[in-house]
file input_24.txt (compact mmCIF, C-alpha atoms and all ligand atoms)
# COMPACT_ATOMS: atom_id res chain seq x y z
CA MET A 1387 120.20 7.24 17.20
CA LEU A 1388 122.48 9.38 15.06
CA VAL A 1389 119.47 11.04 13.44
CA ALA A 1390 117.97 11.84 16.86
CA THR A 1391 121.24 13.17 18.30
CA ASP A 1392 121.77 15.33 15.24
CA ALA A 1393 118.24 16.73 15.47
CA TYR A 1394 118.84 17.72 19.11
CA TRP A 1395 122.13 19.31 18.15
CA LYS A 1396 120.57 21.30 15.30
CA LEU A 1397 117.85 22.58 17.62
CA ALA A 1398 120.39 23.62 20.26
CA ARG A 1399 122.51 25.30 17.57
CA ALA A 1400 119.56 27.22 16.13
CA LEU A 1401 118.85 28.64 19.60
CA LEU A 1402 122.47 29.34 20.46
CA PHE A 1403 123.22 31.07 17.15
CA ARG A 1404 120.63 33.72 18.06
CA LEU A 1405 122.92 34.81 20.90
CA GLU A 1406 126.15 36.78 20.78
CA GLY A 1407 129.09 34.43 20.03
CA GLU A 1408 130.77 34.24 23.42
CA ARG A 1409 127.50 34.08 25.37
CA ALA A 1410 126.39 31.18 23.19
CA HIS A 1411 129.75 29.51 23.78
CA ASP A 1412 129.46 29.81 27.59
CA LEU A 1413 125.86 28.66 27.60
CA ALA A 1414 126.62 25.67 25.36
CA LEU A 1415 129.40 24.52 27.68
CA ARG A 1416 127.18 24.90 30.75
CA GLY A 1417 124.42 22.97 28.98
CA LEU A 1418 126.88 20.24 28.11
CA ASP A 1419 127.98 20.00 31.75
CA LEU A 1420 124.34 19.73 32.82
CA LEU A 1421 123.57 16.95 30.33
CA HIS A 1422 126.71 15.15 31.45
CA HIS A 1423 125.71 15.35 35.15
CA MET A 1424 122.26 14.03 34.25
CA HIS A 1425 123.77 11.21 32.16
CA LEU A 1426 121.84 12.59 29.18
CA GLN A 1427 124.78 13.34 26.93
CA ARG A 1428 123.73 10.62 24.51
CA LEU A 1429 121.03 13.09 23.41
CA LEU A 1430 123.78 15.09 21.70
CA ALA A 1431 126.44 12.56 20.85
CA ALA A 1432 126.22 8.95 19.68
CA PRO A 1433 129.03 6.64 20.89
CA VAL A 1434 132.13 6.85 18.68
CA PRO A 1435 133.99 3.84 17.27
CA PRO A 1436 137.44 3.00 18.66
CA LEU A 1437 140.56 3.62 16.59
CA PRO A 1438 143.50 3.01 18.95
CA THR A 1439 146.48 5.14 17.98
CA ARG A 1440 149.98 5.42 19.43
CA VAL A 1441 151.79 8.72 18.84
CA LEU A 1442 154.29 10.67 20.99
CA GLY A 1443 154.75 7.54 23.09
CA LEU A 1444 151.12 7.93 24.24
CA ASP A 1445 148.10 5.70 23.66
CA PHE A 1446 144.95 7.36 22.33
CA PRO A 1447 141.56 5.59 22.02
CA ASN A 1448 141.16 7.49 18.75
CA PRO A 1449 143.21 10.21 17.00
CA VAL A 1450 140.56 12.99 17.02
CA GLY A 1451 141.11 15.59 19.73
CA LEU A 1452 139.68 18.88 20.94
CA ALA A 1453 141.86 21.89 20.04
CA ALA A 1454 143.00 24.51 22.55
CA GLY A 1455 140.88 27.52 23.41
CA LEU A 1456 137.43 26.00 23.88
CA ASP A 1457 138.08 25.02 27.51
CA LYS A 1458 140.77 27.47 28.55
CA ASN A 1459 140.48 26.81 32.30
CA ALA A 1460 139.76 23.06 32.20
CA GLU A 1461 136.25 23.60 33.58
CA HIS A 1462 134.41 21.20 31.25
CA VAL A 1463 136.85 18.36 30.62
CA ASP A 1464 134.63 15.46 31.71
CA ALA A 1465 131.65 16.62 29.64
CA LEU A 1466 133.78 17.32 26.57
CA ALA A 1467 135.62 13.99 26.84
CA ALA A 1468 132.28 12.17 27.01
CA LEU A 1469 131.53 13.44 23.47
CA GLY A 1470 134.11 10.90 22.27
CA PHE A 1471 137.31 12.89 21.80
CA GLY A 1472 140.49 10.80 21.79
CA PHE A 1473 142.29 13.59 23.66
CA ILE A 1474 141.57 17.06 25.03
CA GLU A 1475 143.79 20.14 24.98
CA VAL A 1476 143.01 22.79 27.60
CA GLY A 1477 144.40 26.34 27.79
CA THR A 1478 145.99 28.52 26.64
CA VAL A 1479 146.91 29.17 30.24
CA THR A 1480 149.25 31.92 31.46
CA PRO A 1481 151.10 32.25 34.79
CA ARG A 1482 148.75 34.94 36.13
CA PRO A 1483 145.01 35.30 35.46
CA GLN A 1484 144.05 37.89 32.82
CA ASP A 1485 140.83 39.19 31.31
CA GLY A 1486 141.77 39.11 27.63
CA ASN A 1487 140.49 41.67 25.15
CA PRO A 1488 137.25 43.64 25.62
CA ARG A 1489 134.04 42.03 24.32
CA PRO A 1490 132.77 41.44 21.70
CA ARG A 1491 135.78 39.37 20.64
CA LEU A 1492 134.28 36.29 18.97
CA PHE A 1493 132.40 36.55 15.66
CA ARG A 1494 130.57 33.98 13.51
CA LEU A 1495 130.78 33.84 9.72
CA PRO A 1496 128.10 31.17 9.23
CA ALA A 1497 128.00 31.08 5.42
CA GLN A 1498 131.74 30.33 5.44
CA GLN A 1499 131.61 27.97 8.47
CA ALA A 1500 134.24 30.19 10.06
CA LEU A 1501 134.95 32.25 13.18
CA VAL A 1502 137.06 35.30 13.85
CA ASN A 1503 138.31 35.64 17.42
CA ARG A 1504 140.54 38.02 19.32
CA MET A 1505 140.03 36.56 22.78
CA GLY A 1506 143.57 37.44 23.91
CA PHE A 1507 144.28 34.54 26.30
CA ASN A 1508 141.45 35.27 28.74
CA ASN A 1509 142.11 32.69 31.46
CA ALA A 1510 142.09 32.17 35.21
CA GLY A 1511 145.82 31.47 35.49
CA VAL A 1512 147.78 28.26 35.84
CA ASP A 1513 147.03 27.67 39.54
CA ALA A 1514 143.26 27.85 38.94
CA LEU A 1515 143.61 25.47 35.99
CA LEU A 1516 145.40 22.93 38.19
CA ARG A 1517 142.73 23.24 40.88
CA ASN A 1518 140.04 22.59 38.26
CA LEU A 1519 141.94 19.55 37.04
CA GLU A 1520 141.83 18.03 40.53
CA ARG A 1521 138.08 17.55 40.02
CA VAL A 1522 138.40 15.85 36.62
CA ARG A 1523 137.56 12.14 36.63
CA TRP A 1524 138.39 11.37 32.98
CA ARG A 1525 141.83 9.76 32.67
CA GLY A 1526 142.52 10.19 28.93
CA VAL A 1527 145.35 12.13 27.32
CA LEU A 1528 145.18 15.74 28.46
CA GLY A 1529 147.20 18.36 26.63
CA ILE A 1530 147.91 21.63 28.43
CA ASN A 1531 148.59 24.62 26.19
CA LEU A 1532 150.93 27.29 27.62
CA GLY A 1533 151.33 30.98 26.84
CA ARG A 1534 152.76 34.16 28.28
CA ASN A 1535 150.88 36.95 30.01
CA ARG A 1536 149.95 39.92 27.86
CA ASP A 1537 152.07 42.32 29.94
CA THR A 1538 155.17 40.11 29.95
CA PRO A 1539 157.60 41.42 27.32
CA ASN A 1540 159.07 38.86 24.93
CA ALA A 1541 162.47 39.36 26.57
CA GLN A 1542 161.00 37.72 29.69
CA ALA A 1543 158.60 35.34 27.94
CA ASN A 1544 160.77 32.27 28.58
CA ALA A 1545 160.22 32.64 32.32
CA ASP A 1546 156.41 32.65 31.84
CA TYR A 1547 156.50 29.45 29.76
CA ARG A 1548 158.98 27.82 32.18
CA HIS A 1549 156.80 28.69 35.17
CA CYS A 1550 153.73 27.14 33.52
CA LEU A 1551 155.71 24.09 32.38
CA GLU A 1552 156.97 23.44 35.91
CA ARG A 1553 153.49 23.83 37.39
CA VAL A 1554 151.66 21.54 34.92
CA TYR A 1555 154.40 19.03 34.09
CA ALA A 1556 153.29 16.20 36.37
CA ARG A 1557 149.60 16.51 35.43
CA ALA A 1558 149.89 16.93 31.67
CA GLY A 1559 149.76 14.12 29.10
CA TYR A 1560 151.60 16.56 26.85
CA VAL A 1561 152.30 20.28 26.84
CA ALA A 1562 151.84 22.62 23.89
CA ILE A 1563 154.01 25.73 23.63
CA ASN A 1564 151.84 28.35 21.98
CA VAL A 1565 153.87 30.94 20.08
CA SER A 1566 151.26 31.41 17.39
CA SER A 1567 148.20 33.17 18.74
CA PRO A 1568 147.68 36.37 16.74
CA ASN A 1569 145.87 38.08 19.64
CA THR A 1570 148.72 38.75 22.06
CA ARG A 1571 150.88 41.51 20.68
CA GLY A 1572 154.37 40.30 19.72
CA LEU A 1573 153.70 36.64 20.58
CA ARG A 1574 154.32 35.42 17.04
CA ASP A 1575 157.74 37.11 17.10
CA LEU A 1576 158.74 34.18 19.31
CA GLN A 1577 158.61 32.04 16.15
CA ALA A 1578 161.59 33.96 14.74
CA GLN A 1579 164.83 32.00 14.74
CA ALA A 1580 166.86 33.48 17.62
CA ALA A 1581 163.87 33.86 19.95
CA LEU A 1582 162.54 30.39 19.17
CA ALA A 1583 165.94 28.76 19.62
CA ALA A 1584 166.37 30.39 23.04
CA LEU A 1585 162.82 29.54 24.14
CA VAL A 1586 162.77 25.92 23.04
CA ALA A 1587 166.32 25.21 24.28
CA ASP A 1588 165.39 26.66 27.67
CA LEU A 1589 162.19 24.63 27.88
CA ARG A 1590 163.90 21.43 26.72
CA ASP A 1591 166.38 21.85 29.60
CA SER A 1592 163.50 22.26 32.03
CA GLN A 1593 161.76 19.25 30.49
CA GLU A 1594 164.86 17.08 31.13
CA ARG A 1595 165.12 18.23 34.74
CA LEU A 1596 161.40 17.72 35.32
CA ALA A 1597 161.52 14.26 33.73
CA ALA A 1598 164.21 13.22 36.19
CA ARG A 1599 162.38 14.79 39.15
CA HIS A 1600 158.99 13.23 38.35
CA GLY A 1601 160.19 9.97 36.80
CA LYS A 1602 157.91 10.70 33.82
CA ARG A 1603 158.56 12.16 30.39
CA THR A 1604 155.87 14.60 29.30
CA PRO A 1605 156.11 15.30 25.54
CA MET A 1606 156.49 18.93 24.48
CA LEU A 1607 154.87 20.17 21.27
CA LEU A 1608 155.20 23.52 19.54
CA LYS A 1609 152.06 25.10 18.10
CA ILE A 1610 152.78 27.21 15.03
CA ALA A 1611 150.90 29.70 12.85
CA PRO A 1612 149.56 29.07 9.36
CA ASP A 1613 150.97 32.43 8.21
CA LEU A 1614 154.49 31.16 7.50
CA ASP A 1615 156.28 31.30 4.16
CA ALA A 1616 158.88 28.75 3.02
CA ALA A 1617 161.79 30.70 4.54
CA ALA A 1618 160.05 30.93 7.93
CA MET A 1619 159.31 27.18 7.84
CA ASP A 1620 162.97 26.51 6.97
CA ASP A 1621 164.07 28.54 9.99
CA ILE A 1622 161.66 26.84 12.38
CA ALA A 1623 162.67 23.38 11.12
CA ALA A 1624 166.39 24.18 11.41
CA THR A 1625 165.90 25.47 14.96
CA LEU A 1626 163.89 22.46 16.05
CA GLU A 1627 166.44 20.09 14.54
CA ARG A 1628 169.03 21.66 16.84
CA THR A 1629 166.96 21.91 20.01
CA GLY A 1630 164.82 18.82 19.48
CA ILE A 1631 161.05 18.82 19.96
CA ASP A 1632 158.60 15.98 20.57
CA GLY A 1633 155.91 17.20 18.19
CA LEU A 1634 154.32 20.06 16.28
CA ILE A 1635 150.76 21.36 16.21
CA CYS A 1636 149.93 22.79 12.77
CA THR A 1637 148.19 25.26 12.99
CA ASN A 1638 146.69 28.13 14.93
CA THR A 1639 144.26 30.67 13.36
CA THR A 1640 145.22 32.91 10.42
CA LEU A 1641 145.46 36.67 9.97
CA ALA A 1642 144.56 36.21 6.28
CA ARG A 1643 140.99 36.70 5.06
CA THR A 1644 141.23 34.65 1.87
CA GLY A 1645 137.83 33.21 0.98
CA VAL A 1646 135.85 35.41 3.38
CA GLU A 1647 136.53 38.85 1.88
CA SER A 1648 132.87 39.77 1.48
CA ALA A 1649 131.57 38.23 4.72
CA GLY A 1650 130.23 40.37 7.54
CA HIS A 1651 132.75 40.42 10.44
CA ALA A 1652 135.61 39.50 8.07
CA GLY A 1653 137.03 42.94 8.83
CA GLU A 1654 137.16 42.29 12.59
CA ALA A 1655 140.69 42.07 13.97
CA GLY A 1656 141.73 38.60 15.12
CA GLY A 1657 142.41 35.08 13.93
CA LEU A 1658 140.24 33.34 11.35
CA SER A 1659 139.41 29.66 11.93
CA GLY A 1660 137.20 27.09 10.22
CA ALA A 1661 136.77 25.98 6.62
CA PRO A 1662 138.53 28.97 4.97
CA LEU A 1663 141.68 28.22 7.02
CA ARG A 1664 142.02 24.65 5.82
CA ALA A 1665 144.11 25.06 2.65
CA ARG A 1666 146.61 27.36 4.36
CA SER A 1667 146.84 25.13 7.42
CA ASP A 1668 147.31 21.99 5.29
CA ALA A 1669 150.09 23.72 3.32
CA VAL A 1670 152.02 24.44 6.53
CA LEU A 1671 151.40 20.88 7.75
CA ARG A 1672 152.80 19.48 4.47
CA GLY A 1673 155.69 21.96 4.58
CA MET A 1674 156.70 20.96 8.11
CA ARG A 1675 156.23 17.26 7.41
CA ALA A 1676 158.63 17.54 4.45
CA ARG A 1677 161.18 19.44 6.56
CA LEU A 1678 160.93 17.31 9.73
CA PRO A 1679 160.02 13.83 8.48
CA SER A 1680 160.20 12.06 11.83
CA VAL A 1681 158.50 14.61 14.13
CA PRO A 1682 154.88 13.73 15.01
CA ILE A 1683 152.40 16.39 13.87
CA VAL A 1684 148.93 17.21 15.17
CA GLY A 1685 146.89 18.58 12.24
CA VAL A 1686 144.36 21.29 13.12
CA GLY A 1687 142.69 23.99 11.07
CA GLY A 1688 139.49 23.89 9.09
CA ILE A 1689 138.37 20.31 9.61
CA ALA A 1690 134.65 20.34 8.74
CA SER A 1691 134.21 16.74 7.54
CA GLY A 1692 135.70 13.26 7.81
CA ALA A 1693 137.38 13.81 4.43
CA ASP A 1694 139.15 16.93 5.80
CA ALA A 1695 140.52 14.88 8.72
CA ALA A 1696 141.68 12.13 6.35
CA ALA A 1697 143.41 14.75 4.17
CA LYS A 1698 145.38 15.97 7.20
CA VAL A 1699 146.52 12.42 7.95
CA ALA A 1700 147.42 11.94 4.26
CA ALA A 1701 149.46 15.16 4.54
CA GLY A 1702 151.42 13.69 7.45
CA ALA A 1703 149.43 14.26 10.67
CA GLY A 1704 149.42 11.47 13.26
CA LEU A 1705 146.59 13.11 15.22
CA VAL A 1706 144.00 15.77 14.38
CA GLN A 1707 142.07 18.37 16.39
CA LEU A 1708 138.76 20.20 15.96
CA TYR A 1709 137.37 23.49 17.16
CA THR A 1710 135.34 25.55 14.68
CA GLY A 1711 133.95 22.48 12.88
CA LEU A 1712 132.50 21.34 16.20
CA ILE A 1713 130.60 24.63 16.55
CA TYR A 1714 129.04 24.31 13.07
CA ARG A 1715 128.67 20.54 12.67
CA GLY A 1716 128.18 19.48 16.29
CA PRO A 1717 129.58 16.42 18.10
CA ARG A 1718 128.71 14.05 15.22
CA LEU A 1719 131.78 15.44 13.45
CA ILE A 1720 134.00 13.54 15.93
CA GLY A 1721 132.61 10.13 14.94
CA GLU A 1722 132.59 11.11 11.28
CA CYS A 1723 136.31 11.94 11.43
CA ILE A 1724 137.12 8.68 13.24
CA GLU A 1725 135.18 6.68 10.61
CA ALA A 1726 137.01 8.43 7.77
CA LEU A 1727 140.39 7.81 9.40
CA ARG A 1728 139.50 4.18 10.02
CA ALA A 1729 138.48 3.72 6.39
CA ARG A 1730 141.72 5.38 5.31
CA ALA A 1731 143.78 3.16 7.63
CA ASP A 1732 142.04 0.05 6.24
CA THR A 1733 142.77 1.04 2.63
CA THR A 1734 146.39 2.08 3.21
CA HIS A 1735 146.95 -1.08 5.28
CA ALA A 1736 145.61 -3.20 2.41
CA ALA A 1737 147.65 -1.26 -0.16
CA GLY A 1738 150.87 -1.07 1.87
CA PRO A 1739 152.54 2.09 3.20
CA ASP A 1740 151.99 5.48 1.44
C1 LIG B 1801 137.48 31.21 19.98
C2 LIG B 1801 138.79 30.54 19.76
C3 LIG B 1801 139.75 30.58 20.79
C4 LIG B 1801 140.98 29.96 20.61
N1 LIG B 1801 141.88 30.00 21.63
C5 LIG B 1801 143.08 29.36 21.48
C6 LIG B 1801 144.02 29.34 22.54
O1 LIG B 1801 143.77 29.84 23.63
N2 LIG B 1801 145.21 28.72 22.31
C7 LIG B 1801 145.52 28.11 21.13
O2 LIG B 1801 146.61 27.55 20.98
N3 LIG B 1801 144.62 28.10 20.11
C8 LIG B 1801 143.42 28.71 20.26
N4 LIG B 1801 142.52 28.69 19.24
C9 LIG B 1801 142.91 28.06 17.94
C10 LIG B 1801 142.40 26.62 17.83
O3 LIG B 1801 142.97 25.79 18.82
C11 LIG B 1801 142.75 26.06 16.44
O4 LIG B 1801 144.15 25.99 16.30
C12 LIG B 1801 142.20 26.91 15.30
O5 LIG B 1801 140.93 27.42 15.61
C13 LIG B 1801 142.11 26.14 13.98
O6 LIG B 1801 141.25 25.03 14.09
P1 LIG B 1801 139.71 25.07 13.60
O7 LIG B 1801 139.69 25.62 12.21
O8 LIG B 1801 139.24 23.64 13.70
O9 LIG B 1801 139.00 25.95 14.56
C14 LIG B 1801 141.28 29.30 19.38
C15 LIG B 1801 140.32 29.26 18.37
C16 LIG B 1801 139.09 29.86 18.54
C17 LIG B 1801 138.08 29.81 17.44
call {"tool": "encode", "arguments": {"input": "input_24.txt", "output": "C-alpha cells"}}
result
Amino acid sequence: MLVATDAYWKLARALLFRLEGERAHDLALRGLDLLHHMHLQRLLAAPVPPLPTRVLGLDFPNPVGLAAGLDKNAEHVDALAALGFGFIEVGTVTPRPQDGNPRPRLFRLPAQQALVNRMGFNNAGVDALLRNLERVRWRGVLGINLGRNRDTPNAQANADYRHCLERVYARAGYVAINVSSPNTRGLRDLQAQAALAALVADLRDSQERLAARHGKRTPMLLKIAPDLDAAAMDDIAATLERTGIDGLICTNTTLARTGVESAGHAGEAGGLSGAPLRARSDAVLRGMRARLPSVPIVGVGGIASGADAAAKVAAGAGLVQLYTGLIYRGPRLIGECIEALRARADTTHAAGPD
C-alpha cells in the first residue's frame, strides 16, 4: 500500500512541480479536497500509526502536526487532517483581509529540498476563517496562528493580536502568536524585549479574562524566529519567565541563506524553509529548551525525515510540525516521523529518562 501511495504522490509531484510554486500549491490543495470528498485519499496517504501524546494539557493522537501557512484560511482542514496529522495549525490570520505581497512570492529550491517565500500574510481575515471553520467536521487539536495587518504599525499591533485572540478563543485548541514572519515589515521587532513584554502581558490578561468568560483555557504559544543570537534568546526567555507563556514554537523561516548560496532563487527576498533551515532551527530549539526547561516546545524547521523529527524531540520538543518536507516528501513523511518518534519513545522508555 505504501509503495502504491508513494507512486501516486511522486506522479502528482512531478506534474505539480512543472507549475509555478503558488499555482501548484493551490492546485494540490484543491486536488486533496477532491480526493477527500471522493473518499479516495488513501491513494495518497497510508493510515498512520497512533502515538498518543499529552502536551499543553491537550491530547494528541500523535505528535506530528501541520505547520502554519499551508492552510491560511482554514479551507482544507478536513482533507489535511485525513492525511494523518496529529494536529493542524491554520493561519496566519489577521484582523482584516489582505492580499499579501505581489506574485511570484513562493520559490522552489529542489536540489536543496527548500523553499523561499515572501507571501506576506495573504489571508481572508479572521471572520472568514471562523466561517470556514464552521464547516469543518474534524474534531482534533486545531491551532490558530495570529498576526497583525501589514498596515498596522507596531505601536498598535497589540490591538490586532487581541482582536484575533478574542474572536478565535472559543474555537481554538491553542493559539500561536506569530512575531517571527520575515515578510511583514517590522514584525520581528515585536520579539525585542520591551515590545514582547508589553504584547505578551497584554495577551495573557486577555487570555485570563477569556478563560473565565468561556469556562475553557486555550493555551497560548509564541512562535519565534531562527535568526536569534544568544543575547536575543536570553531576552525572550527572561520576558516569558515574567509574563508566563504556555508554549513556544521554534521556529519560523530564516533570512539566512547558509547552504543554498549557489541555488537559483536563493537571492529572492523572503524566508527560507526546508532542509537548509534545520541546523539553525534546532539550535534555537535547544537554546530555548535550556533557558526555559519547563515550557513545552513545538519543534518545526527542516524536518525531511523521521530522524529529523526524532532529533527535534531529543533536543527538547514535545511536538513537531512539517511544512516544506511535506511538499518534497509527500504525506508518507507524516507516518515516517511518527514511526521514528515511536521507536525513540520505546528506546528511551527502556533505557529510562534522558
Ligand atoms: C509558503 C510558506 C508560508 C508560510 N506561512 C506562514 C504563516 O503564515 N505563519 C507562520 O507562522 N509560519 C508560516 N510559514 C512557516 C512555517 O510554518 C514553518 O515555520 C517553516 O516553514 C519551517 O518549517 P519547514 O522547514 O518544515 O517548512 C510559512 C512557510 C512557508 C514555506
call {"tool": "closest_residue", "arguments": {"input": "input_24.txt", "among": "A:Val1699, A:Ala1652, A:Leu1708, A:Leu1501", "to": "Leu1727 (chain A)", "atoms": "all atoms listed in the file"}}
result
A:Val1699
call {"tool": "closest_residue", "arguments": {"input": "input_24.txt", "among": "A:Leu1456, A:Ala1676, A:Ala1661, A:Ala1623", "to": "Gln1499 (chain A)", "atoms": "only C-alpha atoms"}}
result
A:Ala1661
call {"tool": "atom_distance", "arguments": {"input": "input_24.txt", "atom1": "CA of Phe1471 (chain A)", "atom2": "CA of Gly1455 (chain A)"}}
result
15.1 Å
call {"tool": "residues_near_ligand", "arguments": {"input": "input_24.txt", "ligand": "ligand LIG 1801 (chain B)", "cutoff": "7 Å", "atoms": "all atoms listed in the file", "output": "ChimeraX atom specification"}}
result
/A:1453-1456,1458,1477-1478,1492,1501-1503,1505,1507,1531,1564,1567,1609,1637-1639,1659-1661,1663-1664,1686-1689,1707-1711
call {"tool": "residues_around", "arguments": {"input": "input_24.txt", "residues": "Ala1460 (chain A)", "least_positions_apart": "2", "cutoff": "10 Å", "atoms": "only C-alpha atoms", "output": "ChimeraX atom specification"}}
result
/A:1455-1458,1462-1464,1474-1479,1509-1510,1514-1522,1528,1530
call {"tool": "residues_around", "arguments": {"input": "input_24.txt", "residues": "Gly1721 (chain A)", "least_positions_apart": "4", "cutoff": "7 Å", "atoms": "all atoms listed in the file", "output": "number ranges by chain"}}
result
A: 1434-1435, 1725
call {"tool": "residues_around", "arguments": {"input": "input_24.txt", "residues": "Phe1403 (chain A)", "least_positions_apart": "4", "cutoff": "10 Å", "atoms": "only C-alpha atoms", "output": "ChimeraX atom specification"}}
result
/A:1398-1399,1407,1409-1411,1494,1496,1713-1714
call {"tool": "residues_around", "arguments": {"input": "input_24.txt", "residues": "region 1413-1418 of chain A", "least_positions_apart": "5", "cutoff": "8 Å", "atoms": "only C-alpha atoms", "output": "PyMOL selection string"}}
result
chain A and resi 1402+1427+1462+1465-1466
call {"tool": "closest_residue", "arguments": {"input": "input_24.txt", "among": "A:Arg1553, A:Asp1513, A:Ala1642, A:Leu1573", "to": "Gly1533 (chain A)", "atoms": "only C-alpha atoms"}}
result
A:Leu1573
call {"tool": "axis_aligned_box", "arguments": {"input": "input_24.txt", "around": "region 1477-1491 of chain A", "padding_each_side": "8 Å", "output": "JSON"}}
result
{"center_x": 141.9, "center_y": 35.0, "center_z": 28.4, "size_x": 34.3, "size_y": 33.3, "size_z": 31.5}
call {"tool": "residues_around", "arguments": {"input": "input_24.txt", "residues": "Gly1685 (chain A)", "least_positions_apart": "3", "cutoff": "7 Å", "atoms": "only C-alpha atoms", "output": "list in words"}}
result
Ile1635, Cys1636, Thr1637, Leu1671, Lys1698, Ala1703, Leu1705, Val1706 and Gln1707 of chain A
call {"tool": "write_last_selection", "arguments": {"input": "input_24.txt", "atoms": "C-alpha atoms", "output": "CSV table (one decimal), in the coordinates of the input"}}
result
chain,number,residue,atom,x,y,z
A,1635,ILE,CA,150.8,21.4,16.2
A,1636,CYS,CA,149.9,22.8,12.8
A,1637,THR,CA,148.2,25.3,13.0
A,1671,LEU,CA,151.4,20.9,7.8
A,1698,LYS,CA,145.4,16.0,7.2
A,1703,ALA,CA,149.4,14.3,10.7
A,1705,LEU,CA,146.6,13.1,15.2
A,1706,VAL,CA,144.0,15.8,14.4
A,1707,GLN,CA,142.1,18.4,16.4
call {"tool": "closest_residue", "arguments": {"input": "input_24.txt", "among": "A:Arg1504, A:Pro1481, A:Asn1487, A:Arg1599", "to": "Leu1532 (chain A)", "atoms": "all atoms listed in the file"}}
result
A:Pro1481
call {"tool": "closest_residue", "arguments": {"input": "input_24.txt", "among": "A:Pro1605, A:Asn1540, A:Leu1582, A:Gly1656", "to": "Thr1629 (chain A)", "atoms": "all atoms listed in the file"}}
result
A:Leu1582
call {"tool": "atom_distance", "arguments": {"input": "input_24.txt", "atom1": "CA of Gly1526 (chain A)", "atom2": "CA of Gly1472 (chain A)"}}
result
7.4 Å
call {"tool": "atom_distance", "arguments": {"input": "input_24.txt", "atom1": "CA of Met1619 (chain A)", "atom2": "CA of Ile1631 (chain A)"}}
result
14.8 Å
call {"tool": "closest_residue", "arguments": {"input": "input_24.txt", "among": "A:Glu1627, A:Ala1500, A:Leu1420, A:Thr1604", "to": "Thr1644 (chain A)", "atoms": "only C-alpha atoms"}}
result
A:Ala1500
call {"tool": "closest_atom_pairs", "arguments": {"input": "input_24.txt", "of": "region 1406-1496 of chain A", "to": "region 1728-1736 of chain A", "cutoff": "10 Å", "atoms": "all atoms listed in the file", "output": "CSV"}}
result
residue,atom,partner,partner_atom,distance
A:Pro1435,CA,A:Arg1728,CA,9.1
A:Pro1436,CA,A:Arg1728,CA,9.0
A:Leu1437,CA,A:Arg1728,CA,6.7
A:Pro1438,CA,A:Arg1728,CA,9.9
A:Asn1448,CA,A:Arg1728,CA,9.5
A:Pro1449,CA,A:Arg1728,CA,9.9
call {"tool": "write_last_selection", "arguments": {"input": "input_24.txt", "atoms": "C-alpha atoms", "output": "PDB file, keeping the file's coordinate frame"}}
result
ATOM      1  CA  PRO A1435     133.990   3.840  17.270  1.00  0.00           C
ATOM      2  CA  PRO A1436     137.440   3.000  18.660  1.00  0.00           C
ATOM      3  CA  LEU A1437     140.560   3.620  16.590  1.00  0.00           C
ATOM      4  CA  PRO A1438     143.500   3.010  18.950  1.00  0.00           C
ATOM      5  CA  ASN A1448     141.160   7.490  18.750  1.00  0.00           C
ATOM      6  CA  PRO A1449     143.210  10.210  17.000  1.00  0.00           C
TER       7      PRO A1449
END
call {"tool": "build_atoms", "arguments": {"input": "input_24.txt", "residues": "region 1630-1641 of chain A", "atoms": "N, CA and C atoms", "output": "PDB file, in the coordinates of the input"}}
result
ATOM      1  N   GLY A1630     165.698  19.969  19.270  1.00  0.00           N
ATOM      2  CA  GLY A1630     164.820  18.820  19.480  1.00  0.00           C
ATOM      3  C   GLY A1630     163.452  19.299  19.903  1.00  0.00           C
ATOM      4  N   ILE A1631     162.438  18.549  19.542  1.00  0.00           N
ATOM      5  CA  ILE A1631     161.050  18.820  19.960  1.00  0.00           C
ATOM      6  C   ILE A1631     160.305  17.500  19.804  1.00  0.00           C
ATOM      7  N   ASP A1632     159.299  17.263  20.655  1.00  0.00           N
ATOM      8  CA  ASP A1632     158.600  15.980  20.570  1.00  0.00           C
ATOM      9  C   ASP A1632     157.507  15.978  19.509  1.00  0.00           C
ATOM     10  N   GLY A1633     156.971  17.164  19.192  1.00  0.00           N
ATOM     11  CA  GLY A1633     155.910  17.200  18.190  1.00  0.00           C
ATOM     12  C   GLY A1633     155.558  18.626  17.818  1.00  0.00           C
ATOM     13  N   LEU A1634     154.780  18.750  16.754  1.00  0.00           N
ATOM     14  CA  LEU A1634     154.320  20.060  16.280  1.00  0.00           C
ATOM     15  C   LEU A1634     152.801  20.052  16.237  1.00  0.00           C
ATOM     16  N   ILE A1635     152.194  21.204  16.443  1.00  0.00           N
ATOM     17  CA  ILE A1635     150.760  21.360  16.210  1.00  0.00           C
ATOM     18  C   ILE A1635     150.605  22.392  15.094  1.00  0.00           C
ATOM     19  N   CYS A1636     150.071  21.943  13.958  1.00  0.00           N
ATOM     20  CA  CYS A1636     149.930  22.790  12.770  1.00  0.00           C
ATOM     21  C   CYS A1636     148.442  22.867  12.433  1.00  0.00           C
ATOM     22  N   THR A1637     147.733  23.930  12.664  1.00  0.00           N
ATOM     23  CA  THR A1637     148.190  25.260  12.990  1.00  0.00           C
ATOM     24  C   THR A1637     147.177  25.993  13.886  1.00  0.00           C
ATOM     25  N   ASN A1638     147.585  27.196  14.249  1.00  0.00           N
ATOM     26  CA  ASN A1638     146.690  28.130  14.930  1.00  0.00           C
ATOM     27  C   ASN A1638     145.806  28.842  13.886  1.00  0.00           C
ATOM     28  N   THR A1639     145.138  29.906  14.272  1.00  0.00           N
ATOM     29  CA  THR A1639     144.260  30.670  13.360  1.00  0.00           C
ATOM     30  C   THR A1639     145.108  31.580  12.453  1.00  0.00           C
ATOM     31  N   THR A1640     144.477  32.085  11.381  1.00  0.00           N
ATOM     32  CA  THR A1640     145.220  32.910  10.420  1.00  0.00           C
ATOM     33  C   THR A1640     144.804  34.384  10.470  1.00  0.00           C
ATOM     34  N   LEU A1641     145.755  35.238  10.125  1.00  0.00           N
ATOM     35  CA  LEU A1641     145.460  36.670   9.970  1.00  0.00           C
ATOM     36  C   LEU A1641     144.895  36.958   8.588  1.00  0.00           C
TER      37      LEU A1641
END
